[in-house]
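Asker: The file below is upload_10.txt, compact mmCIF, C-alpha atoms:
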# COMPACT_ATOMS: atom_id res chain seq x y z
CA MET B 1 18.20 16.63 3.49
CA THR B 2 18.07 14.47 0.33
CA LEU B 3 14.67 13.06 -0.56
CA ASP B 4 13.94 10.89 -3.58
CA PRO B 5 10.33 9.70 -3.27
CA ALA B 6 10.23 8.63 -6.93
CA GLY B 7 13.05 6.17 -6.30
CA LEU B 8 12.14 4.91 -2.83
CA VAL B 9 8.34 4.98 -2.52
CA THR B 10 7.12 1.68 -3.89
CA TYR B 11 3.59 1.34 -5.38
CA ALA B 12 3.63 5.06 -6.24
CA ASN B 13 4.52 6.86 -9.49
CA GLY B 14 2.31 4.74 -11.73
CA ARG B 15 2.04 5.85 -15.34
CA LEU B 16 -1.61 4.97 -16.03
CA ASP B 17 -4.11 7.56 -17.19
CA ARG B 18 -7.20 6.57 -15.21
CA ALA B 19 -9.36 7.97 -18.04
CA ALA B 20 -12.48 9.00 -16.10
CA ARG B 21 -14.45 9.77 -19.27
CA LEU B 22 -13.87 6.31 -20.69
CA ARG B 23 -14.97 4.74 -17.39
CA ARG B 24 -18.41 6.26 -17.87
CA ASP B 25 -18.91 4.98 -21.43
CA PRO B 26 -20.01 1.30 -21.29
CA VAL B 27 -19.97 0.88 -25.08
CA ARG B 28 -16.40 2.12 -25.46
CA LEU B 29 -15.30 0.08 -22.45
CA GLN B 30 -16.72 -3.10 -23.96
CA THR B 31 -14.95 -2.37 -27.23
CA ALA B 32 -11.71 -1.72 -25.38
CA LEU B 33 -12.04 -4.94 -23.41
CA THR B 34 -11.86 -7.16 -26.49
CA ALA B 35 -9.34 -5.12 -28.49
CA GLY B 36 -6.14 -6.85 -29.51
CA GLN B 37 -3.89 -4.32 -27.77
CA THR B 38 -5.78 -4.54 -24.47
CA GLU B 39 -3.97 -5.94 -21.43
CA ILE B 40 -5.78 -7.85 -18.69
CA ILE B 41 -4.19 -8.63 -15.32
CA PRO B 42 -5.74 -11.66 -13.59
CA LEU B 43 -5.51 -12.01 -9.81
CA TRP B 44 -6.59 -14.73 -7.41
CA ARG B 45 -7.42 -13.92 -3.80
CA ASP B 46 -5.12 -10.87 -3.82
CA ARG B 47 -2.25 -12.81 -5.39
CA CYS B 48 -0.67 -12.35 -8.80
CA LEU B 49 -0.74 -15.25 -11.26
CA VAL B 50 2.78 -16.10 -12.38
CA ALA B 51 4.20 -18.17 -15.26
CA ASP B 52 7.92 -18.94 -15.48
CA GLY B 53 8.58 -16.29 -12.83
CA ALA B 54 6.79 -13.47 -14.71
CA VAL B 55 3.43 -11.93 -13.84
CA VAL B 56 0.77 -13.10 -16.30
CA ARG B 57 -0.72 -10.42 -18.54
CA LEU B 58 -3.43 -11.47 -20.94
CA GLY B 59 -4.71 -9.98 -24.17
CA GLY B 60 -8.23 -8.74 -24.78
CA GLY B 61 -9.11 -11.78 -26.88
CA ASP B 62 -7.94 -14.42 -24.40
CA GLY B 63 -11.35 -14.88 -22.81
CA VAL B 64 -10.26 -15.26 -19.18
CA TRP B 65 -11.90 -11.93 -18.39
CA LEU B 66 -15.33 -13.61 -18.41
CA PRO B 67 -16.50 -13.22 -14.80
CA ALA B 68 -15.94 -16.20 -12.53
CA THR B 69 -18.37 -14.64 -10.04
CA VAL B 70 -20.66 -11.62 -10.07
CA ASP B 71 -17.90 -9.52 -8.49
CA ALA B 72 -15.00 -10.64 -10.69
CA GLY B 73 -14.93 -7.68 -13.06
CA PRO B 74 -13.43 -6.92 -15.45
CA PHE B 75 -12.33 -3.70 -13.75
CA PHE B 76 -10.96 -0.91 -15.90
CA LEU B 77 -7.68 0.40 -14.46
CA GLY B 78 -6.81 2.99 -17.10
CA LEU B 79 -4.79 3.63 -20.23
CA ASP B 80 -1.10 2.89 -20.58
CA GLY B 81 -0.50 5.26 -23.45
CA THR B 82 -3.26 4.10 -25.80
CA ARG B 83 -3.46 0.55 -24.40
CA PRO B 84 -6.47 -0.16 -22.15
CA VAL B 85 -5.59 -2.08 -18.98
CA PHE B 86 -8.10 -4.13 -16.99
CA ALA B 87 -7.97 -6.41 -13.94
CA VAL B 88 -10.07 -9.52 -13.41
CA ASP B 89 -10.54 -11.33 -10.12
CA LEU B 90 -10.52 -15.13 -10.38
CA SER B 91 -11.05 -15.64 -6.65
CA GLY B 92 -14.35 -17.39 -7.31
CA LEU B 93 -12.46 -20.30 -8.89
CA PRO B 94 -10.44 -22.98 -7.10
CA GLU B 95 -6.74 -22.15 -7.35
CA THR B 96 -6.03 -24.93 -9.84
CA GLU B 97 -8.76 -23.67 -12.17
CA ALA B 98 -7.58 -20.07 -11.88
CA LEU B 99 -4.05 -21.16 -12.80
CA ARG B 100 -5.32 -23.11 -15.78
CA ALA B 101 -7.52 -20.26 -17.01
CA ALA B 102 -4.64 -17.78 -16.88
CA GLY B 103 -1.94 -20.12 -18.16
CA ALA B 104 -0.03 -19.69 -14.90
CA ASP B 105 1.98 -22.14 -12.82
CA ARG B 106 1.68 -20.51 -9.37
CA THR B 107 0.32 -17.56 -7.40
CA ARG B 108 2.55 -15.04 -5.63
CA ASP B 109 1.89 -12.00 -3.47
CA VAL B 110 3.02 -8.78 -5.10
CA ARG B 111 5.23 -8.06 -2.06
CA GLU B 112 7.19 -11.22 -2.82
CA LEU B 113 7.81 -10.00 -6.37
CA VAL B 114 8.27 -6.28 -5.86
CA GLN B 115 12.06 -6.15 -5.71
CA ARG B 116 12.33 -7.34 -9.30
CA LEU B 117 9.50 -5.22 -10.70
CA ASP B 118 9.98 -1.80 -12.21
CA PRO B 119 8.21 1.00 -10.29
CA ALA B 120 5.37 1.39 -12.79
CA GLU B 121 4.57 -2.34 -12.76
CA ALA B 122 4.64 -2.47 -8.96
CA ALA B 123 2.22 0.49 -8.86
CA LEU B 124 -0.08 -1.17 -11.40
CA LEU B 125 -0.19 -4.51 -9.58
CA GLY B 126 -0.80 -2.81 -6.24
CA TYR B 127 -3.65 -0.81 -7.78
CA ALA B 128 -5.21 -3.95 -9.30
CA ARG B 129 -4.89 -5.84 -6.02
CA GLY B 130 -6.55 -3.12 -3.97
CA LEU B 131 -9.43 -2.67 -6.41
CA CYS B 132 -10.18 -6.40 -6.66
CA TYR B 133 -10.16 -6.68 -2.88
CA TRP B 134 -12.60 -3.79 -2.51
CA HIS B 135 -15.10 -5.26 -4.96
CA ARG B 136 -15.07 -8.63 -3.19
CA HIS B 137 -15.82 -6.91 0.13
CA GLN B 138 -18.41 -4.37 -1.05
CA ARG B 139 -21.04 -6.75 -2.40
CA PHE B 140 -23.85 -5.40 -0.20
CA CYS B 141 -25.07 -1.93 0.67
CA ALA B 142 -24.29 -0.92 4.24
CA THR B 143 -27.42 1.25 4.33
CA CYS B 144 -30.18 -1.07 3.12
CA GLY B 145 -28.44 -4.43 2.71
CA GLN B 146 -29.22 -4.99 -0.96
CA PRO B 147 -26.62 -6.43 -3.36
CA THR B 148 -24.62 -3.70 -5.08
CA ARG B 149 -23.61 -3.60 -8.73
CA LEU B 150 -20.49 -2.49 -10.54
CA THR B 151 -20.51 0.93 -12.23
CA GLU B 152 -18.01 3.19 -14.02
CA GLY B 153 -15.95 0.25 -15.19
CA GLY B 154 -15.23 -0.80 -11.63
CA ALA B 155 -14.32 2.60 -10.20
CA ALA B 156 -17.53 2.53 -8.14
CA ARG B 157 -20.52 0.43 -7.12
CA GLU B 158 -24.18 1.38 -6.75
CA CYS B 159 -27.07 0.11 -4.68
CA PRO B 160 -30.16 -0.39 -6.88
CA GLY B 161 -32.38 -0.12 -3.79
CA CYS B 162 -31.46 3.15 -2.11
CA ARG B 163 -29.35 4.47 -5.03
CA ARG B 164 -26.36 4.98 -2.79
CA GLN B 165 -23.07 5.30 -4.66
CA LEU B 166 -20.09 3.47 -3.18
CA PHE B 167 -16.46 4.30 -3.84
CA PRO B 168 -13.30 2.54 -2.65
CA GLN B 169 -12.47 3.60 0.89
CA ILE B 170 -8.89 4.44 1.77
CA SER B 171 -7.60 3.98 5.33
CA PRO B 172 -4.85 6.55 6.02
CA ALA B 173 -2.10 5.78 8.49
CA VAL B 174 0.85 7.83 9.71
CA ILE B 175 4.39 6.58 10.00
CA MET B 176 6.96 8.75 11.70
CA LEU B 177 10.65 9.14 12.33
CA VAL B 178 10.89 10.85 15.72
CA GLU B 179 14.19 12.66 16.24
CA LEU B 180 15.73 13.74 19.53
CA PRO B 181 18.04 16.70 18.80
CA GLY B 182 21.42 16.77 20.47
CA ASP B 183 25.01 15.70 19.99
CA PRO B 184 24.65 13.23 18.54
CA ALA B 185 21.07 13.43 17.29
CA ARG B 186 19.12 10.20 17.72
CA CYS B 187 15.92 8.73 16.31
CA LEU B 188 13.33 6.53 17.99
CA LEU B 189 12.66 2.96 16.94
CA GLY B 190 10.35 0.50 18.65
CA ARG B 191 10.20 -3.27 19.00
CA HIS B 192 6.64 -4.28 18.26
CA ALA B 193 4.74 -7.20 19.73
CA GLY B 194 5.61 -10.39 17.87
CA ALA B 195 8.89 -9.03 16.47
CA ASP B 196 12.30 -10.61 17.04
CA ARG B 197 14.25 -9.33 20.05
CA ASP B 198 16.56 -7.21 17.90
CA SER B 199 13.97 -6.10 15.36
CA PHE B 200 13.20 -2.38 15.61
CA ALA B 201 11.00 -0.24 13.37
CA LEU B 202 9.47 3.22 13.10
CA LEU B 203 6.26 4.02 14.95
CA ALA B 204 3.04 4.03 12.93
CA GLY B 205 -0.71 3.96 13.37
CA PHE B 206 -4.09 4.62 11.76
CA LEU B 207 -5.95 7.91 11.87
CA GLU B 208 -8.99 8.20 14.09
CA VAL B 209 -12.21 10.10 13.42
CA GLY B 210 -11.88 13.87 13.81
CA GLU B 211 -8.08 13.77 13.77
CA SER B 212 -5.57 15.52 11.53
CA LEU B 213 -2.50 13.70 10.26
CA GLU B 214 -0.31 15.76 12.57
CA ASP B 215 -2.57 15.00 15.53
CA ALA B 216 -2.25 11.29 14.76
CA VAL B 217 1.55 11.51 14.79
CA ARG B 218 1.52 13.13 18.21
CA ARG B 219 -1.05 10.70 19.61
CA GLU B 220 0.68 7.57 18.32
CA ALA B 221 4.09 8.68 19.60
CA PHE B 222 2.63 9.32 23.05
CA GLU B 223 0.29 6.28 23.24
CA GLU B 224 2.84 3.72 22.05
CA ALA B 225 6.11 5.10 23.41
CA GLY B 226 5.20 7.83 25.91
CA VAL B 227 7.08 10.41 23.81
CA VAL B 228 5.83 13.99 23.62
CA VAL B 229 6.35 15.42 20.12
CA ASP B 230 6.60 19.19 19.71
CA SER B 231 6.91 19.56 15.91
CA VAL B 232 5.74 17.51 12.93
CA ARG B 233 6.81 17.83 9.28
CA TYR B 234 5.31 16.03 6.28
CA VAL B 235 7.74 14.09 4.05
CA ALA B 236 5.89 11.90 1.51
CA SER B 237 3.02 9.45 1.12
CA GLN B 238 2.74 5.91 -0.20
CA PRO B 239 -0.15 3.85 -1.57
CA TRP B 240 -0.42 0.73 0.57
CA PRO B 241 -2.97 -1.61 -1.05
CA PHE B 242 -2.81 -4.24 1.71
CA PRO B 243 -5.70 -4.02 1.43
CA SER B 244 -6.58 -0.31 1.14
CA GLY B 245 -4.18 1.90 3.02
CA LEU B 246 -2.32 5.14 2.47
CA MET B 247 0.89 5.56 4.46
CA VAL B 248 1.74 9.20 5.21
CA GLY B 249 5.32 9.77 6.32
CA PHE B 250 6.52 12.45 8.75
CA PHE B 251 9.56 13.67 10.60
CA ALA B 252 8.79 14.66 14.18
CA ARG B 253 10.85 16.13 17.01
CA ALA B 254 10.74 14.91 20.59
CA GLY B 255 10.98 17.28 23.53
CA SER B 256 12.84 14.81 25.77
CA GLU B 257 14.34 11.33 25.66
CA GLU B 258 11.88 9.89 28.18
CA THR B 259 9.98 6.86 26.88
CA ARG B 260 7.22 4.70 28.33
CA VAL B 261 6.04 1.85 26.11
CA ASP B 262 2.44 0.67 26.23
CA GLY B 263 3.47 -3.00 26.62
CA GLU B 264 0.86 -4.09 24.08
CA GLU B 265 1.69 -2.77 20.63
CA LEU B 266 5.20 -1.71 21.62
CA LEU B 267 7.42 -3.76 23.92
CA GLU B 268 10.58 -1.66 23.80
CA ALA B 269 11.62 1.80 22.57
CA ARG B 270 15.22 2.79 21.90
CA TRP B 271 17.04 5.88 20.63
CA PHE B 272 19.56 5.20 17.84
CA SER B 273 22.30 7.53 16.60
CA ARG B 274 23.13 7.74 12.92
CA ALA B 275 26.34 5.81 13.54
CA GLU B 276 24.35 2.98 15.15
CA LEU B 277 21.86 2.88 12.27
CA ARG B 278 24.63 2.84 9.69
CA ALA B 279 26.19 -0.10 11.52
CA ARG B 280 22.84 -1.93 11.51
CA ARG B 281 22.43 -1.22 7.79
CA ALA B 282 25.90 -2.56 7.06
CA ALA B 283 25.21 -5.73 9.05
CA ARG B 284 21.74 -6.36 7.61
CA GLY B 285 22.18 -5.01 4.09
CA ARG B 286 19.35 -2.49 4.41
CA LEU B 287 17.20 -0.45 6.78
CA GLY B 288 13.44 -0.79 6.83
CA ASN B 289 11.23 -2.97 4.65
CA PRO B 290 12.17 -3.26 0.97
CA ASP B 291 8.83 -1.88 -0.26
CA SER B 292 7.81 0.44 2.58
CA ILE B 293 8.10 4.20 3.02
CA ASP B 294 9.97 3.56 6.27
CA ARG B 295 13.05 3.02 4.09
CA LEU B 296 12.70 6.55 2.66
CA LEU B 297 12.38 8.10 6.11
CA LEU B 298 15.35 6.25 7.55
CA GLU B 299 17.63 6.83 4.57
CA ALA B 300 16.69 10.50 4.36
CA TRP B 301 17.48 10.97 8.05
CA LEU B 302 20.87 9.30 7.60
CA ASP B 303 21.60 11.45 4.54
CA ALA B 304 20.96 14.62 6.56
CA GLU B 305 24.45 14.29 8.08
CA PRO B 306 27.66 12.95 6.52
CA ALA B 307 28.80 9.44 7.35
CA GLY B 308 31.62 10.78 9.49
CA GLU B 309 29.19 12.24 12.04
Would you mind giving the structure from this file in C-alpha cells?

Answerer:
Amino acid sequence: MTLDPAGLVTYANGRLDRAARLRRDPVRLQTALTAGQTEIIPLWRDRCLVADGAVVRLGGGDGVWLPATVDAGPFFLGLDGTRPVFAVDLSGLPETEALRAAGADRTRDVRELVQRLDPAEAALLGYARGLCYWHRHQRFCATCGQPTRLTEGGAARECPGCRRQLFPQISPAVIMLVELPGDPARCLLGRHAGADRDSFALLAGFLEVGESLEDAVRREAFEEAGVVVDSVRYVASQPWPFPSGLMVGFFARAGSEETRVDGEELLEARWFSRAELRARRAARGRLGNPDSIDRLLLEAWLDAEPAGE
C-alpha cells in the first residue's frame, strides 16, 4: 500500500525550529522581536490577513506587534533557519482597524487559502491560528479563577495566584477507513447529519477519558454505524488547529457487512467498492476534503489495488 503523508497531510511537516531555549530567554526574545529579519504573522479572530491575495507577513520593525489586548501576544512560533517568527492576534481591534494596522485588504480563513499554499506555509499558519485561539480562551485559571499571564514567549501561561502552569491542550480524534474484506473489498462511508443526500465521508470521533486510540476507533464504528471492528492499524496523524485538534488516521477491518446507523450523527452508512470510489473521484475531481487526512486514507486504500480491480 502506497502512503505519502508528507505530500497529503496538510498542516504537518512544518520546518520551524520551535527553539525551546530561546522561548525561556525574555531578553533575547525581545531583541529578536524587533530585529530586521524577524517575521510577524498577524491574525484576526482566527483568520489570516491578506493583501492582494497573499498572506500578510510583517517585519520586526513594523510596529503592529504592539498588543491590541492583554492576550494579543506577540507569540514566538520558532526559527525559520535563523529568522525568528512570531504571531500577533489583532482580535481585540475592529476588523477595519486590524486591516489598516496590517496593511491588508481582507481576512480569509486558512482553509480557504490552503490549496495555494506550500506545505510549510500551511503548517505555519495553522500553528499560528491554533496558538492565538488558545491564548484568547485561556485568560483565567480554571483552578482559582485569577487572570493568567503569558510565559515562555507564548508557549505557556501561568496563574500568579496558585502558580499553576497552563499549556495548550490538544483534543485528539480518530478518523477511520473501515474495510470489509471480500471480492470485491469494500469500505464504509457514512452520510452525516446536515450533509447533502449524496455526500459520504469516513467515520470519525473524539477520544473519551480512559480510552486508547484503538478503543475509540472500535467505539465510534459501533456507536455511529453499528459495525463491529476486529482489527485496527495506525496510518498517520494530522495537526487540526480548528481550533486545537489532532486527527489520528487508521485502517480498520469489519467482521460483517451489517450496519445500524444511530440516526443522529449518522443518517446512512454504505459500503463502496474501489471501482465505485474511483467513479466518484472521476465525477467530483477528488475524494475527501482538500486539506484533511481523509484524503490520504481514501487514496491509500484505492492504491492498494490496481485500477483494473

Asker: Using only C-alpha atoms, give me every residue within 10 Å of (-21.4, -0.3, -19.3) in file coordinates, as a count of residues only.

Answerer: 13

Asker: What's the separation between CA of Asp109 in chain B and CA of Cys48 in chain B, in Å to one decimal place?

Answerer: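 These two atoms are separated by 5.9 Å.
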
Asker: If we count only C-alpha atoms, what is near Phe140 in chain B at a cut-off of 12 Å, once residues fewer than 4 positions away on the same chain are taken out, given as a PyMOL selection string?

Answerer: chain B and resi 71+134-136+144-150+157-162+164-166

Asker: Identify which of the residues B:Met247, B:Val235, B:Leu125, B:Val110 lies closest to Ile170 in chain B, counting all atoms listed in the file when measuring atom-to-atom distances.

Answerer: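 Between B:Met247, B:Val235, B:Leu125, B:Val110, the residue approaching Ile170 in chain B most closely is B:Met247.
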
Asker: Nearest to Leu202 in chain B: which of B:Asp294, B:Asp262, B:Asp52, B:Glu112 is it, counting only C-alpha atoms?

Answerer: B:Asp294
